[in-house]
$ cat entry_13.txt   # compact mmCIF, C-alpha atoms and all ligand atoms
# COMPACT_ATOMS: atom_id res chain seq x y z
CA MET A 1 -7.94 46.97 -21.16
CA ALA A 2 -7.00 44.75 -18.22
CA GLY A 3 -4.03 42.39 -18.50
CA MET A 4 -3.93 38.73 -17.50
CA LEU A 5 -2.54 36.42 -14.88
CA TYR A 6 -0.54 33.41 -16.08
CA LEU A 7 0.26 30.56 -13.70
CA VAL A 8 3.66 29.30 -14.76
CA PRO A 9 4.78 25.93 -13.35
CA THR A 10 8.50 25.59 -12.72
CA PRO A 11 10.68 22.47 -12.32
CA ILE A 12 10.47 20.54 -9.03
CA GLY A 13 14.10 19.49 -9.36
CA ASN A 14 15.14 19.11 -12.98
CA LEU A 15 15.62 22.38 -14.86
CA GLY A 16 15.08 20.51 -18.12
CA ASP A 17 11.38 20.26 -17.22
CA ILE A 18 10.66 23.91 -18.00
CA SER A 19 8.54 23.98 -21.14
CA GLU A 20 8.93 26.21 -24.17
CA ARG A 21 5.55 27.80 -23.43
CA CYS A 22 6.57 28.58 -19.84
CA ARG A 23 9.82 30.14 -21.02
CA ARG A 24 8.00 32.28 -23.58
CA THR A 25 5.35 33.38 -21.07
CA LEU A 26 8.02 34.46 -18.56
CA GLU A 27 9.80 36.35 -21.31
CA GLU A 28 6.68 38.13 -22.57
CA ALA A 29 5.06 38.96 -19.21
CA ASP A 30 5.31 42.57 -18.01
CA PHE A 31 6.37 41.35 -14.59
CA ILE A 32 6.81 38.14 -12.61
CA ALA A 33 5.32 37.55 -9.17
CA ALA A 34 7.52 35.07 -7.29
CA GLU A 35 7.26 33.30 -3.94
CA ASP A 36 11.00 33.67 -3.36
CA THR A 37 12.66 36.09 -5.75
CA ARG A 38 16.13 34.56 -5.09
CA VAL A 39 14.92 31.09 -6.13
CA SER A 40 13.18 32.45 -9.23
CA LEU A 41 16.16 34.59 -10.17
CA LYS A 42 18.25 31.41 -10.52
CA LEU A 43 15.69 30.01 -12.95
CA LEU A 44 15.52 33.26 -14.92
CA ASN A 45 19.32 33.36 -15.14
CA TYR A 46 19.30 29.77 -16.42
CA LEU A 47 16.76 30.81 -19.08
CA GLY A 48 18.62 34.04 -19.87
CA ILE A 49 15.58 36.16 -19.02
CA LYS A 50 15.82 39.57 -17.37
CA LYS A 51 12.49 40.69 -15.92
CA SER A 52 11.10 42.77 -13.10
CA LEU A 53 10.27 40.52 -10.10
CA VAL A 54 7.70 41.19 -7.40
CA SER A 55 7.73 39.11 -4.24
CA TYR A 56 4.44 37.46 -3.35
CA TYR A 57 4.49 35.02 -0.43
CA GLU A 58 2.49 33.81 2.54
CA HIS A 59 3.24 36.76 4.82
CA ASN A 60 2.81 39.63 2.34
CA LYS A 61 0.09 38.14 0.14
CA ALA A 62 -2.77 40.28 1.51
CA PHE A 63 -1.01 43.53 0.67
CA LYS A 64 0.96 42.40 -2.40
CA GLY A 65 -2.06 40.68 -3.91
CA ASN A 66 -3.77 44.05 -4.25
CA VAL A 67 -0.65 45.68 -5.70
CA ILE A 68 -0.45 42.93 -8.33
CA LEU A 69 -4.19 43.19 -9.02
CA GLU A 70 -3.96 46.98 -9.58
CA ARG A 71 -1.13 46.49 -12.08
CA ILE A 72 -3.08 43.83 -13.98
CA LEU A 73 -6.23 46.01 -13.97
CA ALA A 74 -4.09 48.79 -15.43
CA GLY A 75 -3.23 46.51 -18.37
CA GLU A 76 -0.08 44.64 -17.37
CA THR A 77 0.39 40.88 -17.73
CA CYS A 78 1.69 39.01 -14.71
CA ALA A 79 3.37 35.58 -14.67
CA LEU A 80 3.07 33.91 -11.27
CA VAL A 81 5.69 31.36 -10.22
CA SER A 82 6.13 29.49 -6.95
CA ASP A 83 9.42 28.09 -5.61
CA ALA A 84 8.80 24.86 -7.49
CA GLY A 85 5.90 23.15 -9.20
CA SER A 86 2.47 24.45 -10.06
CA PRO A 87 1.49 27.78 -8.50
CA ALA A 88 -1.63 27.67 -6.32
CA ILE A 89 -1.13 24.04 -5.26
CA SER A 90 -0.28 24.28 -1.54
CA ASP A 91 1.18 27.76 -1.95
CA PRO A 92 -0.18 31.34 -1.74
CA GLY A 93 -0.92 31.48 -5.48
CA GLU A 94 -4.36 30.15 -4.55
CA ASP A 95 -5.29 33.55 -3.05
CA LEU A 96 -4.03 35.54 -6.03
CA VAL A 97 -6.06 33.39 -8.41
CA ARG A 98 -9.18 34.00 -6.31
CA LEU A 99 -8.55 37.74 -6.11
CA CYS A 100 -8.02 38.03 -9.87
CA ALA A 101 -11.04 35.86 -10.68
CA GLU A 102 -13.24 37.95 -8.37
CA ASN A 103 -12.12 41.06 -10.21
CA GLY A 104 -12.88 39.71 -13.68
CA ILE A 105 -9.25 39.11 -14.66
CA THR A 106 -8.55 36.24 -17.05
CA VAL A 107 -6.39 33.60 -15.36
CA THR A 108 -4.63 31.00 -17.45
CA ALA A 109 -2.70 28.01 -16.10
CA ILE A 110 0.08 26.47 -18.14
CA PRO A 111 0.30 22.73 -17.42
CA GLY A 112 3.60 21.47 -16.08
CA PRO A 113 5.53 20.05 -13.12
CA CYS A 114 3.52 19.30 -10.01
CA ALA A 115 4.75 17.08 -7.18
CA VAL A 116 1.29 15.59 -6.43
CA ILE A 117 0.70 14.19 -9.90
CA THR A 118 4.30 13.15 -10.48
CA ALA A 119 4.25 11.14 -7.24
CA LEU A 120 0.79 9.64 -7.74
CA SER A 121 1.62 8.41 -11.21
CA ILE A 122 4.64 6.38 -10.03
CA SER A 123 3.21 5.29 -6.68
CA GLY A 124 1.88 1.96 -7.89
CA LEU A 125 -1.30 2.62 -5.88
CA PRO A 126 -4.75 3.14 -7.44
CA THR A 127 -4.90 6.40 -9.40
CA GLY A 128 -8.54 6.22 -10.52
CA ARG A 129 -9.84 8.11 -7.51
CA PHE A 130 -7.61 10.14 -5.22
CA CYS A 131 -7.74 13.06 -2.82
CA PHE A 132 -5.02 15.60 -2.19
CA GLU A 133 -4.70 16.45 1.52
CA GLY A 134 -1.71 18.83 1.34
CA PHE A 135 0.31 19.37 4.52
CA LEU A 136 -1.13 18.13 7.81
CA SER A 137 -1.46 20.87 10.36
CA THR A 138 1.14 20.95 13.14
CA ALA A 139 -1.58 22.03 15.60
CA LYS A 140 -2.54 18.84 17.47
CA LYS A 141 -6.30 19.34 17.44
CA SER A 142 -6.79 20.15 13.75
CA ARG A 143 -4.24 17.49 12.79
CA LYS A 144 -6.25 14.87 14.70
CA GLU A 145 -9.55 16.09 13.26
CA HIS A 146 -8.12 15.98 9.75
CA LEU A 147 -6.87 12.40 10.17
CA GLN A 148 -10.08 11.30 11.86
CA SER A 149 -12.06 12.60 8.89
CA LEU A 150 -9.97 10.34 6.63
CA VAL A 151 -10.40 7.08 8.54
CA GLY A 152 -13.04 5.67 6.17
CA GLU A 153 -11.58 7.31 3.04
CA THR A 154 -11.44 4.74 0.26
CA ARG A 155 -9.68 6.94 -2.30
CA THR A 156 -5.89 7.08 -2.51
CA MET A 157 -4.72 9.94 -0.27
CA ILE A 158 -1.83 12.29 -0.99
CA PHE A 159 0.12 14.31 1.56
CA TYR A 160 3.05 16.71 1.31
CA GLU A 161 5.63 16.54 4.07
CA ALA A 162 8.96 18.04 5.07
CA PRO A 163 11.73 15.55 6.01
CA HIS A 164 12.06 16.67 9.65
CA LYS A 165 8.35 16.05 10.25
CA LEU A 166 8.12 12.80 8.27
CA LEU A 167 8.51 10.34 11.13
CA SER A 168 5.89 11.90 13.38
CA THR A 169 3.52 12.10 10.40
CA LEU A 170 4.05 8.41 9.61
CA GLU A 171 3.36 7.56 13.26
CA ASP A 172 0.13 9.56 13.21
CA LEU A 173 -0.94 8.01 9.90
CA ALA A 174 -0.30 4.54 11.37
CA GLU A 175 -2.33 5.41 14.46
CA PHE A 176 -5.38 6.31 12.36
CA PHE A 177 -5.01 3.96 9.36
CA GLY A 178 -3.15 0.98 10.89
CA GLU A 179 0.45 -0.18 10.42
CA ASP A 180 -0.44 -2.51 7.54
CA ARG A 181 -1.79 0.25 5.29
CA LYS A 182 0.20 0.56 2.06
CA ILE A 183 2.17 3.73 1.43
CA SER A 184 4.46 4.91 -1.36
CA LEU A 185 7.00 7.47 -0.22
CA CYS A 186 8.12 9.50 -3.23
CA ARG A 187 11.32 11.36 -2.48
CA GLU A 188 13.41 13.91 -4.40
CA LEU A 189 11.30 13.55 -7.54
CA THR A 190 13.02 14.43 -10.82
CA LYS A 191 16.30 14.91 -8.92
CA LEU A 192 19.49 12.86 -8.88
CA HIS A 193 18.41 10.86 -5.81
CA GLU A 194 14.80 10.29 -6.84
CA GLU A 195 13.42 7.30 -4.94
CA VAL A 196 10.06 5.59 -4.51
CA VAL A 197 9.66 3.36 -1.46
CA ARG A 198 6.55 1.21 -1.81
CA THR A 199 5.88 -0.30 1.59
CA THR A 200 3.51 -0.22 4.60
CA LEU A 201 3.18 2.45 7.28
CA GLY A 202 4.70 0.13 9.90
CA GLU A 203 7.75 -0.68 7.75
CA ALA A 204 8.19 2.95 6.75
CA ILE A 205 8.37 3.90 10.44
CA GLU A 206 11.08 1.27 11.02
CA ARG A 207 13.00 2.40 7.97
CA TYR A 208 13.08 6.10 8.83
CA THR A 209 13.72 5.45 12.54
CA ALA A 210 16.88 3.61 11.50
CA ASN A 211 17.88 6.19 8.86
CA ALA A 212 16.81 9.83 9.18
CA PRO A 213 14.80 10.93 6.12
CA LYS A 214 16.37 13.45 3.76
CA GLY A 215 14.93 15.48 0.89
CA GLU A 216 11.40 16.41 -0.12
CA PHE A 217 8.61 13.87 0.18
CA VAL A 218 5.17 13.19 -1.22
CA LEU A 219 3.29 10.47 0.64
CA ILE A 220 0.78 8.39 -1.29
CA VAL A 221 -1.39 6.36 1.07
CA ASP A 222 -3.72 3.58 -0.05
CA GLY A 223 -7.40 4.15 0.69
CA ALA A 224 -9.35 2.07 3.21
CA ALA A 225 -10.90 -1.16 1.96
CA PRO A 226 -14.56 -0.40 1.10
CA VAL A 227 -16.94 -1.59 3.80
CA GLU A 228 -19.40 -4.06 2.34
CA LYS A 229 -22.78 -2.54 3.08
CA GLU A 230 -25.44 -5.13 3.74
CA VAL A 231 -28.39 -4.45 1.47
CA PRO A 232 -31.62 -4.95 3.46
CA THR A 233 -34.12 -7.31 1.85
CA ALA A 234 -37.91 -6.95 1.62
CA GLU A 235 -38.13 -9.62 4.37
CA ASP A 236 -35.95 -7.46 6.66
CA ALA A 237 -38.23 -4.49 6.00
CA GLY A 238 -41.38 -6.54 6.57
CA ALA A 239 -40.02 -7.95 9.83
CA MET A 240 -39.11 -4.50 11.09
CA VAL A 241 -42.53 -3.06 10.28
CA LYS A 242 -44.14 -6.00 12.07
CA ARG A 243 -41.93 -5.53 15.15
CA LEU A 244 -42.56 -1.77 15.32
CA MET A 245 -46.30 -2.30 15.01
CA SER A 246 -46.19 -4.90 17.81
CA GLU A 247 -44.49 -2.19 19.91
CA GLY A 248 -47.47 0.07 19.35
CA LEU A 249 -46.61 2.15 16.28
CA SER A 250 -49.25 2.77 13.63
CA ARG A 251 -48.67 1.05 10.28
CA LYS A 252 -47.93 4.42 8.67
CA ASP A 253 -45.32 5.37 11.28
CA ALA A 254 -43.77 1.91 11.27
CA ILE A 255 -43.32 2.10 7.48
CA LYS A 256 -41.88 5.61 7.73
CA GLN A 257 -39.41 4.63 10.47
CA THR A 258 -38.36 1.43 8.69
CA ALA A 259 -37.76 3.23 5.40
CA LYS A 260 -35.55 5.73 7.19
CA ALA A 261 -33.65 3.15 9.26
CA LEU A 262 -32.97 0.79 6.32
CA ASP A 263 -32.51 3.59 3.78
CA LEU A 264 -35.21 2.11 1.52
CA PRO A 265 -37.89 3.89 -0.54
CA LYS A 266 -41.23 4.06 1.32
CA ASN A 267 -43.10 2.22 -1.44
CA VAL A 268 -40.73 -0.76 -1.14
CA VAL A 269 -41.36 -0.92 2.63
CA TYR A 270 -45.09 -0.50 2.02
CA ASP A 271 -45.10 -3.50 -0.36
CA ALA A 272 -43.04 -5.51 2.13
CA ALA A 273 -45.54 -4.63 4.87
CA LEU A 274 -48.41 -5.81 2.63
CA SER A 275 -46.71 -9.14 2.05
CA ILE A 276 -46.50 -9.85 5.80
CA ASP A 277 -50.26 -9.41 6.04
CA GLU A 278 -50.78 -12.03 3.37
N1 LIG A 301 3.20 23.93 -5.76
C1 LIG A 301 4.04 22.79 -5.57
C2 LIG A 301 3.62 21.66 -6.50
O1 LIG A 301 3.03 21.90 -7.53
O2 LIG A 301 3.87 20.51 -6.20
C3 LIG A 301 4.10 22.33 -4.13
C4 LIG A 301 4.53 23.36 -3.16
S1 LIG A 301 4.62 22.79 -1.52
C5 LIG A 301 4.97 24.30 -0.70
C6 LIG A 301 6.16 21.96 -1.41
C7 LIG A 301 6.03 20.45 -1.15
O3 LIG A 301 5.88 19.75 -2.39
C8 LIG A 301 7.22 19.80 -0.48
O4 LIG A 301 7.20 19.95 0.92
C9 LIG A 301 7.10 18.36 -0.90
O5 LIG A 301 6.15 17.69 -0.09
C10 LIG A 301 6.53 18.51 -2.32
N2 LIG A 301 7.63 18.50 -3.31
C11 LIG A 301 8.06 19.53 -4.05
N3 LIG A 301 9.06 19.14 -4.86
C12 LIG A 301 9.27 17.83 -4.61
C13 LIG A 301 10.17 16.85 -5.13
N4 LIG A 301 11.07 17.15 -6.05
N5 LIG A 301 10.09 15.59 -4.64
C14 LIG A 301 9.17 15.26 -3.71
N6 LIG A 301 8.30 16.14 -3.19
C15 LIG A 301 8.35 17.41 -3.63
$ encode --input "entry_13.txt" --output "structure tokens" --more "lines below"
Ligand code: SAM
Amino acid sequence: MAGMLYLVPTPIGNLGDISERCRRTLEEADFIAAEDTRVSLKLLNYLGIKKSLVSYYEHNKAFKGNVILERILAGETCALVSDAGSPAISDPGEDLVRLCAENGITVTAIPGPCAVITALSISGLPTGRFCFEGFLSTAKKSRKEHLQSLVGETRTMIFYEAPHKLLSTLEDLAEFFGEDRKISLCRELTKLHEEVVRTTLGEAIERYTANAPKGEFVLIVDGAAPVEKEVPTAEDAGAMVKRLMSEGLSRKDAIKQTAKALDLPKNVVYDAALSIDE
């Protein structure tokens, strides 16, 4: 019988955040797949667990994924850990989950530390609707396209960023979203120097120009204000049908074109067209 894949979240800064279930899963797994075996070894030493570790990271994931899959298919249970936080969120675990799922392996995720959710919850910005955008690409074209696609985004947006790229990212965010857009910069979460700076993009740029940013960051950016869409009235529809007909369109085509242009059901436009005849 095939084994299983467990996704085991690990602390993002505070070792006390490892749960009892995570500890037990690491202890009982046949082997542990780790993004950086040196980082995970420190955690295992802290927990007093001795276990066989397999490295699984961005540059060996294609080959190692299949090795791990074969072992699970042969009946072993694998616990997957990333350097910190929840495996598969902005790390190569995503590919291993897909590979296992495609091969009928049961995948179970243990809930636990995750930088996105920790940051969002203390950001002070709306949490009802949000979108996680991960790391922005460093390639100019795809970075621009990504930001352009978010210009009208009304949900709260979440980005991961490394400290040495923070300033240029803030400048790009300000270029696309405006300097007045609210941002919460969540730094060194769960660590000694945890800090949340709730400010605007413009002020954040000033702040980190004056003092170079240090530590790990999650950026929570307020969504765009919703654009009030004007709802067309029956009079608008009637007037448009009338104008199109005066330009030579048949009544049927004028109704069709008006319904499409004003995003109204055809029967509503039809009724509006009748009322202009009366
Ligand atoms: N899988 C992880 C998770 O669940 O959050 C994220 C992995 S991603 C490669 C690493 C990024 O997460 C960092 O660059 C930073 O943006 C964010 N991050 C991780 N730990 C953090 C912390 N303690 N404080 C702030 N951001 C953190």
$ residues_near_point --input "entry_13.txt" --point "(-4.1, 32.9, -12.2)" --cutoff "8 Å" --atoms "all atoms listed in the file" --output "list in words"
Met4, Leu5, Tyr6, Leu7, Leu80, Gly93, Leu96, Val97, Arg98, Cys100, Ala101, Thr106, Val107, Thr108 and Ala109 of chain A
$ closest_atom_pairs --input "entry_13.txt" --of "stretch 151-245 of chain A" --to "stretch 264-269 of chain A" --cutoff "8 Å" --atoms "all atoms listed in the file" --output "tab-separated table"
residue	atom	partner	partner_atom	distance
A:Ala234	CA	A:Val269	CA	7.0
A:Ala237	CA	A:Val269	CA	5.8
A:Gly238	CA	A:Val269	CA	6.9
$ write_last_selection --input "entry_13.txt" --atoms "C-alpha atoms" --output "PDB file, in the coordinates of the input"
ATOM      1  CA  ALA A 234     -37.910  -6.950   1.620  1.00  0.00           C
ATOM      2  CA  ALA A 237     -38.230  -4.490   6.000  1.00  0.00           C
ATOM      3  CA  GLY A 238     -41.380  -6.540   6.570  1.00  0.00           C
TER       4      GLY A 238
END
$ residues_around --input "entry_13.txt" --residues "A:Ile49" --least-positions-apart "2" --cutoff "12 Å" --atoms "all atoms listed in the file" --output "number ranges by chain"
A: 22-29, 31-32, 40-47, 51-53
$ residues_near_ligand --input "entry_13.txt" --ligand "ligand LIG 301 (chain A)" --cutoff "7 Å" --atoms "only C-alpha atoms and all ligand atoms" --output "PyMOL selection string"
chain A and resi 12-13+82+84-91+113-116+160-162+186-191+216-218
$ residues_around --input "entry_13.txt" --residues "A:Tyr57" --least-positions-apart "5" --cutoff "10 Å" --atoms "all atoms listed in the file" --output "PDB file with C-alpha atoms, in the frame of the given file"
ATOM      1  CA  ALA A  33       5.320  37.550  -9.170  1.00  0.00           C
ATOM      2  CA  ALA A  34       7.520  35.070  -7.290  1.00  0.00           C
ATOM      3  CA  GLU A  35       7.260  33.300  -3.940  1.00  0.00           C
ATOM      4  CA  ASP A  36      11.000  33.670  -3.360  1.00  0.00           C
ATOM      5  CA  THR A  37      12.660  36.090  -5.750  1.00  0.00           C
ATOM      6  CA  ALA A  62      -2.770  40.280   1.510  1.00  0.00           C
ATOM      7  CA  LYS A  64       0.960  42.400  -2.400  1.00  0.00           C
ATOM      8  CA  GLY A  65      -2.060  40.680  -3.910  1.00  0.00           C
ATOM      9  CA  SER A  82       6.130  29.490  -6.950  1.00  0.00           C
ATOM     10  CA  ASP A  83       9.420  28.090  -5.610  1.00  0.00           C
ATOM     11  CA  ASP A  91       1.180  27.760  -1.950  1.00  0.00           C
ATOM     12  CA  PRO A  92      -0.180  31.340  -1.740  1.00  0.00           C
ATOM     13  CA  GLY A  93      -0.920  31.480  -5.480  1.00  0.00           C
TER      14      GLY A  93
END
$ closest_residue --input "entry_13.txt" --among "A:Ser168, A:Asn60, A:Ser184, A:Asn211" --to "A:Arg198" --atoms "all atoms listed in the file"
A:Ser184
$ closest_residue --input "entry_13.txt" --among "A:Ala2, A:Ile122, A:Leu170, A:Ala210" --to "A:Asn103" --atoms "only C-alpha atoms"
A:Ala2
$ decode --input "entry_13.txt" --residues "stretch 101-129 of chain A" --atoms "N, CA, C and O atoms" --output "PDB file, in the first residue's frame"
ATOM      1  N   ALA A 101      -0.419  14.208  -5.899  1.00  0.00           N
ATOM      2  CA  ALA A 101      -1.864  14.185  -6.171  1.00  0.00           C
ATOM      3  C   ALA A 101      -2.137  13.500  -7.514  1.00  0.00           C
ATOM      4  O   ALA A 101      -3.064  12.689  -7.629  1.00  0.00           O
ATOM      5  N   GLU A 102      -1.306  13.805  -8.509  1.00  0.00           N
ATOM      6  CA  GLU A 102      -1.498  13.193  -9.835  1.00  0.00           C
ATOM      7  C   GLU A 102      -1.287  11.688  -9.807  1.00  0.00           C
ATOM      8  O   GLU A 102      -1.772  10.964 -10.660  1.00  0.00           O
ATOM      9  N   ASN A 103      -0.524  11.229  -8.814  1.00  0.00           N
ATOM     10  CA  ASN A 103      -0.242   9.800  -8.727  1.00  0.00           C
ATOM     11  C   ASN A 103      -1.074   9.096  -7.651  1.00  0.00           C
ATOM     12  O   ASN A 103      -0.734   8.001  -7.200  1.00  0.00           O
ATOM     13  N   GLY A 104      -2.149   9.752  -7.249  1.00  0.00           N
ATOM     14  CA  GLY A 104      -3.108   9.122  -6.331  1.00  0.00           C
ATOM     15  C   GLY A 104      -2.637   9.007  -4.898  1.00  0.00           C
ATOM     16  O   GLY A 104      -3.205   8.233  -4.120  1.00  0.00           O
ATOM     17  N   ILE A 105      -1.596   9.777  -4.530  1.00  0.00           N
ATOM     18  CA  ILE A 105      -1.093   9.725  -3.154  1.00  0.00           C
ATOM     19  C   ILE A 105      -1.930  10.663  -2.275  1.00  0.00           C
ATOM     20  O   ILE A 105      -2.256  11.777  -2.686  1.00  0.00           O
ATOM     21  N   THR A 106      -2.252  10.239  -1.088  1.00  0.00           N
ATOM     22  CA  THR A 106      -2.970  11.115  -0.157  1.00  0.00           C
ATOM     23  C   THR A 106      -2.002  12.182   0.374  1.00  0.00           C
ATOM     24  O   THR A 106      -0.919  11.840   0.844  1.00  0.00           O
ATOM     25  N   VAL A 107      -2.425  13.432   0.268  1.00  0.00           N
ATOM     26  CA  VAL A 107      -1.610  14.545   0.783  1.00  0.00           C
ATOM     27  C   VAL A 107      -2.396  15.213   1.904  1.00  0.00           C
ATOM     28  O   VAL A 107      -3.558  15.567   1.721  1.00  0.00           O
ATOM     29  N   THR A 108      -1.751  15.360   3.042  1.00  0.00           N
ATOM     30  CA  THR A 108      -2.418  16.020   4.166  1.00  0.00           C
ATOM     31  C   THR A 108      -1.591  17.215   4.612  1.00  0.00           C
ATOM     32  O   THR A 108      -0.372  17.097   4.733  1.00  0.00           O
ATOM     33  N   ALA A 109      -2.263  18.359   4.824  1.00  0.00           N
ATOM     34  CA  ALA A 109      -1.548  19.543   5.306  1.00  0.00           C
ATOM     35  C   ALA A 109      -1.891  19.770   6.764  1.00  0.00           C
ATOM     36  O   ALA A 109      -3.063  19.789   7.135  1.00  0.00           O
ATOM     37  N   ILE A 110      -0.873  19.945   7.575  1.00  0.00           N
ATOM     38  CA  ILE A 110      -1.104  20.295   8.977  1.00  0.00           C
ATOM     39  C   ILE A 110      -1.127  21.819   9.047  1.00  0.00           C
ATOM     40  O   ILE A 110      -0.220  22.459   8.531  1.00  0.00           O
ATOM     41  N   PRO A 111      -2.154  22.413   9.635  1.00  0.00           N
ATOM     42  CA  PRO A 111      -2.172  23.885   9.710  1.00  0.00           C
ATOM     43  C   PRO A 111      -1.078  24.402  10.646  1.00  0.00           C
ATOM     44  O   PRO A 111      -0.712  23.719  11.600  1.00  0.00           O
ATOM     45  N   GLY A 112      -0.580  25.587  10.345  1.00  0.00           N
ATOM     46  CA  GLY A 112       0.467  26.143  11.212  1.00  0.00           C
ATOM     47  C   GLY A 112       1.028  27.435  10.674  1.00  0.00           C
ATOM     48  O   GLY A 112       0.397  28.099   9.843  1.00  0.00           O
ATOM     49  N   PRO A 113       2.231  27.821  11.113  1.00  0.00           N
ATOM     50  CA  PRO A 113       2.793  29.114  10.738  1.00  0.00           C
ATOM     51  C   PRO A 113       2.839  29.361   9.239  1.00  0.00           C
ATOM     52  O   PRO A 113       3.201  28.470   8.472  1.00  0.00           O
ATOM     53  N   CYS A 114       2.459  30.565   8.858  1.00  0.00           N
ATOM     54  CA  CYS A 114       2.498  30.973   7.458  1.00  0.00           C
ATOM     55  C   CYS A 114       2.606  32.498   7.467  1.00  0.00           C
ATOM     56  O   CYS A 114       1.775  33.176   8.076  1.00  0.00           O
ATOM     57  N   ALA A 115       3.634  33.015   6.800  1.00  0.00           N
ATOM     58  CA  ALA A 115       3.888  34.461   6.867  1.00  0.00           C
ATOM     59  C   ALA A 115       2.729  35.284   6.292  1.00  0.00           C
ATOM     60  O   ALA A 115       2.398  36.342   6.828  1.00  0.00           O
ATOM     61  N   VAL A 116       2.102  34.801   5.206  1.00  0.00           N
ATOM     62  CA  VAL A 116       1.004  35.561   4.581  1.00  0.00           C
ATOM     63  C   VAL A 116      -0.101  35.857   5.590  1.00  0.00           C
ATOM     64  O   VAL A 116      -0.532  37.000   5.743  1.00  0.00           O
ATOM     65  N   ILE A 117      -0.584  34.819   6.227  1.00  0.00           N
ATOM     66  CA  ILE A 117      -1.753  34.960   7.104  1.00  0.00           C
ATOM     67  C   ILE A 117      -1.383  35.701   8.385  1.00  0.00           C
ATOM     68  O   ILE A 117      -2.153  36.528   8.883  1.00  0.00           O
ATOM     69  N   THR A 118      -0.188  35.435   8.897  1.00  0.00           N
ATOM     70  CA  THR A 118       0.244  36.132  10.114  1.00  0.00           C
ATOM     71  C   THR A 118       0.271  37.636   9.840  1.00  0.00           C
ATOM     72  O   THR A 118      -0.223  38.437  10.627  1.00  0.00           O
ATOM     73  N   ALA A 119       0.843  38.013   8.695  1.00  0.00           N
ATOM     74  CA  ALA A 119       0.959  39.435   8.351  1.00  0.00           C
ATOM     75  C   ALA A 119      -0.409  40.057   8.091  1.00  0.00           C
ATOM     76  O   ALA A 119      -0.726  41.132   8.620  1.00  0.00           O
ATOM     77  N   LEU A 120      -1.223  39.389   7.308  1.00  0.00           N
ATOM     78  CA  LEU A 120      -2.544  39.935   6.965  1.00  0.00           C
ATOM     79  C   LEU A 120      -3.352  40.221   8.225  1.00  0.00           C
ATOM     80  O   LEU A 120      -3.990  41.266   8.360  1.00  0.00           O
ATOM     81  N   SER A 121      -3.296  39.279   9.163  1.00  0.00           N
ATOM     82  CA  SER A 121      -4.150  39.405  10.338  1.00  0.00           C
ATOM     83  C   SER A 121      -3.765  40.597  11.208  1.00  0.00           C
ATOM     84  O   SER A 121      -4.617  41.123  11.915  1.00  0.00           O
ATOM     85  N   ILE A 122      -2.510  41.040  11.167  1.00  0.00           N
ATOM     86  CA  ILE A 122      -2.139  42.198  12.005  1.00  0.00           C
ATOM     87  C   ILE A 122      -1.954  43.480  11.187  1.00  0.00           C
ATOM     88  O   ILE A 122      -1.539  44.500  11.705  1.00  0.00           O
ATOM     89  N   SER A 123      -2.292  43.416   9.900  1.00  0.00           N
ATOM     90  CA  SER A 123      -2.025  44.558   9.019  1.00  0.00           C
ATOM     91  C   SER A 123      -2.913  45.759   9.318  1.00  0.00           C
ATOM     92  O   SER A 123      -2.548  46.897   9.047  1.00  0.00           O
ATOM     93  N   GLY A 124      -4.100  45.514   9.823  1.00  0.00           N
ATOM     94  CA  GLY A 124      -5.046  46.605  10.035  1.00  0.00           C
ATOM     95  C   GLY A 124      -5.775  46.967   8.750  1.00  0.00           C
ATOM     96  O   GLY A 124      -6.606  47.866   8.742  1.00  0.00           O
ATOM     97  N   LEU A 125      -5.490  46.278   7.659  1.00  0.00           N
ATOM     98  CA  LEU A 125      -6.179  46.531   6.387  1.00  0.00           C
ATOM     99  C   LEU A 125      -7.292  45.494   6.218  1.00  0.00           C
ATOM    100  O   LEU A 125      -7.298  44.475   6.916  1.00  0.00           O
ATOM    101  N   PRO A 126      -8.226  45.716   5.285  1.00  0.00           N
ATOM    102  CA  PRO A 126      -9.351  44.778   5.164  1.00  0.00           C
ATOM    103  C   PRO A 126      -8.890  43.344   4.895  1.00  0.00           C
ATOM    104  O   PRO A 126      -8.040  43.107   4.032  1.00  0.00           O
ATOM    105  N   THR A 127      -9.449  42.406   5.655  1.00  0.00           N
ATOM    106  CA  THR A 127      -9.051  41.003   5.510  1.00  0.00           C
ATOM    107  C   THR A 127     -10.146  40.168   4.847  1.00  0.00           C
ATOM    108  O   THR A 127      -9.942  38.992   4.559  1.00  0.00           O
ATOM    109  N   GLY A 128     -11.300  40.780   4.601  1.00  0.00           N
ATOM    110  CA  GLY A 128     -12.445  40.037   4.057  1.00  0.00           C
ATOM    111  C   GLY A 128     -12.167  39.432   2.694  1.00  0.00           C
ATOM    112  O   GLY A 128     -12.549  38.304   2.414  1.00  0.00           O
ATOM    113  N   ARG A 129     -11.498  40.203   1.848  1.00  0.00           N
ATOM    114  CA  ARG A 129     -11.136  39.695   0.526  1.00  0.00           C
ATOM    115  C   ARG A 129      -9.688  40.096   0.274  1.00  0.00           C
ATOM    116  O   ARG A 129      -9.327  41.258   0.416  1.00  0.00           O
TER     117      ARG A 129
END
